[in-house]
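Participant: Data file start37.txt (compact mmCIF, C-alpha atoms) is appended below.
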# COMPACT_ATOMS: atom_id res chain seq x y z
CA MET A 1 -2.84 23.61 5.85
CA ALA A 2 -5.38 25.32 3.57
CA SER A 3 -2.48 26.58 1.44
CA LEU A 4 -1.75 22.95 0.48
CA LYS A 5 -5.20 22.59 -1.04
CA ILE A 6 -4.36 22.87 -4.72
CA ASN A 7 -6.03 20.23 -6.89
CA SER A 8 -8.94 19.56 -4.55
CA VAL A 9 -10.34 23.07 -4.94
CA ALA A 10 -11.86 21.69 -8.13
CA LEU A 11 -13.67 19.07 -6.03
CA THR A 12 -15.05 21.17 -3.19
CA GLY A 13 -14.98 24.67 -4.59
CA ASP A 14 -13.38 27.72 -3.00
CA LYS A 15 -15.26 30.24 -0.85
CA ASN A 16 -13.06 32.97 -2.30
CA ASP A 17 -14.39 32.10 -5.78
CA SER A 18 -18.17 32.46 -5.56
CA HIS A 19 -18.77 31.04 -9.04
CA LEU A 20 -16.81 27.84 -8.33
CA TRP A 21 -18.27 27.55 -4.81
CA ILE A 22 -21.81 27.60 -6.17
CA LYS A 23 -20.90 25.29 -9.05
CA ARG A 24 -19.63 22.63 -6.62
CA THR A 25 -22.72 22.70 -4.38
CA ALA A 26 -23.95 19.27 -5.51
CA ALA A 27 -20.50 17.76 -4.98
CA ARG A 28 -20.36 19.10 -1.43
CA ALA A 29 -23.87 17.80 -0.74
CA HIS A 30 -22.74 14.28 -1.66
CA LEU A 31 -19.54 14.66 0.35
CA ARG A 32 -21.54 15.80 3.39
CA ALA A 33 -23.66 12.67 3.05
CA ALA A 34 -20.42 10.64 3.10
CA GLY A 35 -19.32 12.29 6.35
CA PHE A 36 -17.48 15.46 5.31
CA LYS A 37 -17.92 18.43 7.66
CA GLU A 38 -17.91 22.13 6.83
CA GLU A 39 -14.28 22.50 7.87
CA ASP A 40 -13.21 19.61 5.60
CA PHE A 41 -13.89 21.68 2.48
CA ILE A 42 -10.83 23.85 3.10
CA LYS A 43 -8.48 20.93 3.74
CA PRO A 44 -6.09 19.32 1.22
CA VAL A 45 -7.26 15.89 0.06
CA ILE A 46 -4.90 12.94 0.47
CA THR A 47 -5.65 9.81 -1.57
CA VAL A 48 -5.01 6.82 0.71
CA VAL A 49 -4.44 3.66 -1.34
CA LEU A 50 -5.44 0.50 0.55
CA PRO A 51 -5.12 -2.70 -1.51
CA PHE A 52 -6.72 -4.78 1.23
CA SER A 53 -8.08 -8.33 1.11
CA ASN A 54 -8.61 -11.04 3.70
CA ALA A 55 -7.55 -13.67 1.15
CA LEU A 56 -3.77 -13.28 1.47
CA PRO A 57 -1.27 -12.62 4.28
CA CYS A 58 0.62 -9.95 2.34
CA ASN A 59 -2.16 -7.37 2.65
CA ASN A 60 -4.64 -8.67 5.23
CA HIS A 61 -3.31 -6.30 7.92
CA PHE A 62 -3.77 -3.20 5.78
CA GLN A 63 -7.01 -2.25 7.54
CA VAL A 64 -4.95 -1.65 10.70
CA LEU A 65 -2.28 0.33 8.85
CA GLY A 66 -4.91 2.25 6.91
CA ASP A 67 -6.76 3.25 10.08
CA ILE A 68 -3.55 4.67 11.54
CA ILE A 69 -2.81 6.64 8.37
CA VAL A 70 -6.36 7.97 8.06
CA LYS A 71 -6.42 9.10 11.71
CA GLU A 72 -3.03 10.79 11.40
CA ILE A 73 -4.07 12.62 8.23
CA GLU A 74 -7.16 13.91 10.04
CA LYS A 75 -5.07 14.83 13.08
CA GLN A 76 -2.68 16.89 10.96
CA GLY A 77 -5.50 18.83 9.30
CA ALA A 78 -5.89 17.16 5.91
CA LYS A 79 -8.72 14.99 4.57
CA PRO A 80 -8.21 11.36 3.52
CA VAL A 81 -10.08 9.83 0.59
CA ILE A 82 -9.70 6.05 0.55
CA CYS A 83 -8.96 4.14 -2.65
CA MET A 84 -9.39 0.35 -2.62
CA THR A 85 -7.88 -1.83 -5.34
CA PRO A 86 -7.96 -5.46 -6.55
CA VAL A 87 -5.44 -7.76 -4.88
CA VAL A 88 -4.34 -11.00 -6.56
CA SER A 89 -1.90 -13.24 -4.69
CA ASP A 90 0.62 -15.27 -6.67
CA GLY A 91 0.98 -17.64 -3.73
CA VAL A 92 -2.75 -18.37 -3.59
CA THR A 93 -3.48 -18.50 -7.34
CA ASN A 94 -0.24 -20.19 -8.45
CA GLY A 95 -0.88 -23.31 -10.55
CA SER A 96 -4.50 -22.40 -11.18
CA TYR A 97 -6.60 -20.47 -13.70
CA GLY A 98 -6.58 -17.57 -11.25
CA MET A 99 -2.89 -16.95 -11.96
CA LYS A 100 -3.89 -15.54 -15.35
CA TYR A 101 -5.17 -12.49 -13.47
CA SER A 102 -2.04 -11.87 -11.41
CA LEU A 103 0.27 -9.98 -13.76
CA ILE A 104 -2.47 -7.89 -15.34
CA SER A 105 -3.69 -6.92 -11.87
CA ARG A 106 -0.58 -4.77 -11.41
CA ASP A 107 -1.76 -2.42 -14.15
CA TRP A 108 -5.34 -2.58 -12.90
CA VAL A 109 -4.12 -1.52 -9.46
CA ALA A 110 -2.28 1.41 -11.04
CA ASP A 111 -5.36 2.33 -13.07
CA CYS A 112 -7.58 2.19 -9.97
CA VAL A 113 -5.30 4.57 -8.10
CA GLU A 114 -5.10 6.96 -11.03
CA ILE A 115 -8.89 6.89 -11.49
CA MET A 116 -9.63 7.64 -7.83
CA HIS A 117 -6.90 10.24 -7.39
CA GLU A 118 -7.86 12.15 -10.53
CA ALA A 119 -11.63 11.80 -10.10
CA TYR A 120 -11.53 13.20 -6.55
CA PHE A 121 -8.80 15.76 -7.31
CA GLY A 122 -6.36 14.51 -4.67
CA ASP A 123 -3.53 16.81 -3.65
CA ALA A 124 -1.18 13.95 -2.71
CA ILE A 125 -1.05 10.15 -2.52
CA ILE A 126 -0.15 7.80 0.32
CA SER A 127 -0.09 4.16 -0.72
CA LEU A 128 0.42 0.79 0.91
CA GLY A 129 2.00 -2.10 -0.99
CA GLY A 130 2.25 -5.73 0.05
CA CYS A 131 1.84 -8.53 -2.47
CA ASP A 132 3.91 -8.86 -5.63
CA LYS A 133 1.69 -6.74 -7.87
CA THR A 134 0.51 -4.10 -5.43
CA VAL A 135 4.04 -3.05 -4.44
CA PRO A 136 4.81 -1.63 -7.91
CA GLY A 137 1.15 -1.09 -8.82
CA VAL A 138 0.56 1.56 -6.16
CA VAL A 139 3.70 3.50 -7.12
CA MET A 140 3.29 3.47 -10.91
CA PRO A 141 0.40 6.00 -10.92
CA ILE A 142 2.35 8.41 -8.70
CA ALA A 143 4.99 8.51 -11.43
CA ARG A 144 2.45 8.57 -14.27
CA LEU A 145 0.74 11.63 -12.84
CA ASP A 146 3.93 13.23 -11.51
CA ALA A 147 1.96 13.48 -8.28
CA VAL A 148 3.15 14.27 -4.79
CA GLY A 149 3.22 10.87 -3.16
CA VAL A 150 4.98 8.25 -1.09
CA SER A 151 4.51 4.53 -0.46
CA LEU A 152 4.92 2.21 2.51
CA TYR A 153 5.65 -1.50 2.34
CA GLY A 154 3.39 -3.58 4.59
CA GLY A 155 6.35 -5.69 5.70
CA THR A 156 7.63 -9.22 5.34
CA ILE A 157 6.22 -12.30 7.07
CA LEU A 158 8.07 -13.96 9.95
CA PRO A 159 9.62 -17.41 9.44
CA GLY A 160 7.44 -20.41 10.14
CA ARG A 161 8.26 -22.68 13.05
CA CYS A 162 6.89 -26.03 14.16
CA GLU A 163 7.00 -27.06 17.80
CA GLY A 164 9.82 -29.48 18.47
CA ARG A 165 11.66 -28.51 15.26
CA GLU A 166 14.73 -26.27 14.91
CA ASP A 167 14.40 -25.47 11.21
CA LYS A 168 12.60 -22.36 9.89
CA TRP A 169 10.10 -22.53 7.06
CA ASP A 170 8.79 -20.10 4.45
CA ALA A 171 6.76 -20.02 1.23
CA GLN A 172 9.56 -21.74 -0.66
CA THR A 173 9.48 -24.59 1.87
CA VAL A 174 5.83 -25.24 1.00
CA MET A 175 6.52 -25.37 -2.74
CA GLU A 176 9.48 -27.67 -2.28
CA ALA A 177 7.44 -29.89 0.04
CA ILE A 178 4.94 -30.57 -2.75
CA GLY A 179 7.80 -31.85 -4.91
CA SER A 180 9.27 -33.80 -2.01
CA TYR A 181 5.94 -35.51 -1.42
CA GLY A 182 5.64 -36.34 -5.12
CA ALA A 183 9.13 -37.84 -5.05
CA GLY A 184 8.31 -39.89 -1.99
CA LEU A 185 10.77 -38.05 0.27
CA ILE A 186 8.14 -37.01 2.83
CA ASP A 187 4.74 -38.44 3.80
CA ILE A 188 1.33 -36.74 3.77
CA GLU A 189 1.53 -35.93 7.49
CA GLU A 190 4.79 -34.00 7.00
CA LEU A 191 3.34 -32.19 4.02
CA HIS A 192 0.30 -31.16 6.06
CA LYS A 193 2.51 -30.00 8.94
CA ILE A 194 4.51 -27.76 6.60
CA GLU A 195 1.26 -26.39 5.12
CA CYS A 196 -0.01 -25.47 8.59
CA PHE A 197 3.15 -23.93 10.07
CA ALA A 198 5.26 -22.50 7.23
CA LEU A 199 3.39 -19.18 7.05
CA PRO A 200 2.60 -18.03 10.61
CA GLY A 201 0.76 -14.75 9.98
CA SER A 202 0.54 -11.48 8.06
CA GLY A 203 3.28 -10.24 5.76
CA SER A 204 4.73 -10.83 2.32
CA CYS A 205 6.67 -13.98 1.43
CA GLY A 206 9.81 -14.21 3.57
CA GLY A 207 12.61 -14.20 1.02
CA MET A 208 14.01 -12.00 -1.71
CA PHE A 209 11.13 -12.89 -3.98
CA THR A 210 9.11 -10.30 -5.92
CA ALA A 211 7.52 -8.36 -3.03
CA ASN A 212 10.64 -7.91 -0.92
CA THR A 213 12.78 -7.23 -3.98
CA MET A 214 10.39 -4.65 -5.45
CA SER A 215 9.91 -2.91 -2.10
CA SER A 216 13.69 -2.65 -1.70
CA ALA A 217 13.96 -1.16 -5.18
CA ILE A 218 11.18 1.35 -4.49
CA GLU A 219 12.90 2.45 -1.28
CA ALA A 220 16.18 2.88 -3.18
CA LEU A 221 14.24 4.81 -5.81
CA GLY A 222 13.24 7.29 -3.12
CA MET A 223 9.51 6.57 -3.18
CA ALA A 224 9.43 4.99 0.29
CA PRO A 225 11.00 6.35 3.50
CA PRO A 226 14.48 4.92 4.22
CA GLY A 227 14.55 1.70 6.22
CA THR A 228 10.84 0.95 6.00
CA CYS A 229 10.98 -2.01 3.61
CA SER A 230 13.15 -4.17 5.87
CA SER A 231 10.92 -4.28 8.95
CA PRO A 232 8.54 -7.23 9.50
CA ALA A 233 4.79 -6.83 9.25
CA VAL A 234 3.77 -8.34 12.57
CA THR A 235 4.97 -9.71 15.89
CA GLU A 236 5.09 -13.41 16.75
CA ASP A 237 1.52 -13.18 18.07
CA ASN A 238 0.44 -11.73 14.71
CA HIS A 239 -0.14 -8.13 15.77
CA VAL A 240 1.13 -5.24 13.65
CA THR A 241 4.53 -4.18 15.01
CA ASN A 242 5.00 -0.87 16.82
CA GLU A 243 7.66 -0.06 14.24
CA LYS A 244 5.21 -0.44 11.37
CA CYS A 245 2.61 1.67 13.22
CA THR A 246 5.22 4.40 13.73
CA GLN A 247 6.11 4.26 10.05
CA CYS A 248 2.47 4.96 9.16
CA VAL A 249 2.57 8.18 11.19
CA GLN A 250 5.92 9.16 9.70
CA LEU A 251 4.51 8.54 6.22
CA VAL A 252 1.89 11.25 6.76
CA ASP A 253 4.59 13.69 7.94
CA CYS A 254 6.61 12.82 4.85
CA VAL A 255 3.86 13.38 2.31
CA LEU A 256 2.78 16.69 3.88
CA LYS A 257 6.37 17.94 3.74
CA LEU A 258 6.58 16.90 0.09
CA LEU A 259 3.30 18.72 -0.57
CA THR A 260 4.51 21.83 1.26
CA ASN A 261 7.72 21.85 -0.78
CA LYS A 262 5.85 20.97 -4.01
CA THR A 263 8.16 17.99 -4.52
CA SER A 264 6.54 15.67 -7.04
CA ALA A 265 7.45 12.13 -8.05
CA ARG A 266 9.57 12.92 -11.08
CA GLN A 267 11.76 15.24 -9.04
CA ILE A 268 12.61 12.19 -6.92
CA MET A 269 12.57 9.46 -9.59
CA THR A 270 15.63 10.72 -11.45
CA LYS A 271 18.06 8.74 -13.57
CA LYS A 272 20.35 8.49 -10.55
CA ALA A 273 17.47 7.18 -8.43
CA PHE A 274 16.73 4.47 -10.99
CA GLU A 275 20.41 3.53 -11.05
CA ASN A 276 20.23 3.13 -7.27
CA ALA A 277 17.18 0.89 -7.58
CA ILE A 278 18.80 -1.22 -10.31
CA THR A 279 21.92 -1.60 -8.16
CA VAL A 280 19.81 -2.90 -5.27
CA ILE A 281 18.07 -5.44 -7.50
Once more with this new file: its structure as structure tokens, please.
Facilitator:
Amino acid sequence: MASLKINSVALTGDKNDSHLWIKRTAARAHLRAAGFKEEDFIKPVITVVLPFSNALPCNNHFQVLGDIIVKEIEKQGAKPVICMTPVVSDGVTNGSYGMKYSLISRDWVADCVEIMHEAYFGDAIISLGGCDKTVPGVVMPIARLDAVGVSLYGGTILPGRCEGREDKWDAQTVMEAIGSYGAGLIDIEELHKIECFALPGSGSCGGMFTANTMSSAIEALGMAPPGTCSSPAVTEDNHVTNEKCTQCVQLVDCVLKLLTNKTSARQIMTKKAFENAITVI
């Protein structure tokens, strides 16, 4: 595993280079204070991108996914460095002043990842994407830097159901219900019922809207493991699915193999790969 430590030597130093080892003494002192152990200084550093917030269902389960990824990285002999980012939900901010921050947040997410990965000399990147802007935002810096990296989609939300009703609801149902109420087609009680039951738990909007479309494109581009974008985020009781937990473990295997083979983003994101992604869209 020590042979995969390439960039992060500049962070921790190298015992085989006495000058650099002494030079990085202060850095190691700070890292020790943050929980690094002696053996961690010879491990490759994996930047783990967690755009988590409790303010939206798309990403509010990322703490669980992140914990699995971090533990697996440690288990396999590397060292995770966590990168948090802003998360702006279109669904929450839509129709308000807050929506002005949505589109620009995509580039801020990308900048945050680049800043953290470069500042801490990461050897590879593992990222999680969920809401509309984090799905592309966490992949853009991997391409910018031609880094070794891979992304995992947090998964789509399950359809909403109301007891005693056969129909299934989603985010679009809520938007249409506002119009239906305004047109006098439904009453306030029905509107409230749709508000309460349309979105049952964690996951991105259940339809081929931005998040599901972009995640499908990124998988076709080769920057996410095959089949991972189509699985739901959680079970009906709102617990992260076993499938998604397994994907987190597989993601660590994937990035370490890429790092071993020195396969960087631009070797994957070829013209043919972009044609595949465009075809999917």
Participant: Go through segment 31-92 of chain A and flag each residue having an atom no more than 8 Å from segment 252-273 of chain A; for those, report the closest pair of atoms plus their distance in Å to one decimal, using only C-alpha atoms, ordered by chain and rising number, as CSV.
Facilitator:
residue,atom,partner,partner_atom,distance
A:Ile69,CA,A:Val252,CA,6.8
A:Glu72,CA,A:Val252,CA,6.8
A:Ile73,CA,A:Val252,CA,6.3
Participant: Write out as a VMD selection string each polymer residue whose atoms come within 10 Å of Leu103 of chain A, counting all atoms listed in the file; drop sequence neighbours fewer than 3 positions from it.
Facilitator: chain A and resid 88 to 90 99 to 100 106 to 108 132 to 133
Participant: From the options A:Glu38, A:Asp170, A:Asp187, A:Glu275, which residue's atoms come nearest to Ala220 of chain A, counting all atoms listed in the file?
Facilitator: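 So, comparing all the options, the nearest one is A:Glu275.
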Participant: Applying 12 Å and all atoms listed in the file, which residues near segment 25-27 of chain A remain after dropping the ones on its own chain fewer than 2 positions away? List them as a PyMOL selection string.
Facilitator: chain A and resi 8-15+18-23+29-34+36+41+119-120
Participant: Taking into account all atoms listed in the file, which residue in the set A:Leu185, A:Ile82, A:Ile46, A:Val87 is nearest to Asn60 of chain A?
Facilitator: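 Using all atoms listed in the file, Asn60 of chain A sits closest to A:Val87.
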Participant: Counting only C-alpha atoms, which of A:Val280, A:Ala224, A:Cys131, A:Val240 gets nearest to Gly149 of chain A?
Facilitator: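 That would be A:Ala224, the residue with the smallest distance to Gly149 of chain A.
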Participant: Considering only C-alpha atoms, can you say which of A:Met84, A:Glu189, A:Ile194, A:Gly155 comes closest to Lys168 of chain A?
Facilitator: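 For Lys168 of chain A, the nearest of the given residues is A:Ile194.
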Participant: Do you have the atom CA of Cys83 of chain A-atom CA of Cys112 of chain A distance handy?
Facilitator: 7.7 Å
Participant: I'd like the contact shell of Cys196 of chain A - 10 Å cut-off, all atoms listed in the file, skipping same-chain residues fewer than 4 positions apart - returned as a PyMOL selection string.
Facilitator: chain A and resi 160-162+174+190-192+200
Participant: Rounded to one decimal, what separation in Å do you get between atom CA of Val139 of chain A and atom CA of Phe274 of chain A?
Facilitator: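 Straight-line distance from atom CA of Val139 of chain A to atom CA of Phe274 of chain A works out to 13.6 Å.
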Participant: Quick one: of A:Val113, A:Ile157, A:Val64, A:Ile6, who's nearest to Val48 of chain A, counting all atoms listed in the file?
Facilitator: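 Comparing A:Val113, A:Ile157, A:Val64, A:Ile6 against Val48 of chain A, the winner is A:Val113.
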Participant: Calculate how many Å separate atom CA of Phe62 of chain A from atom CA of Gly130 of chain A, rounding to one decimal.
Facilitator: 8.7 Å
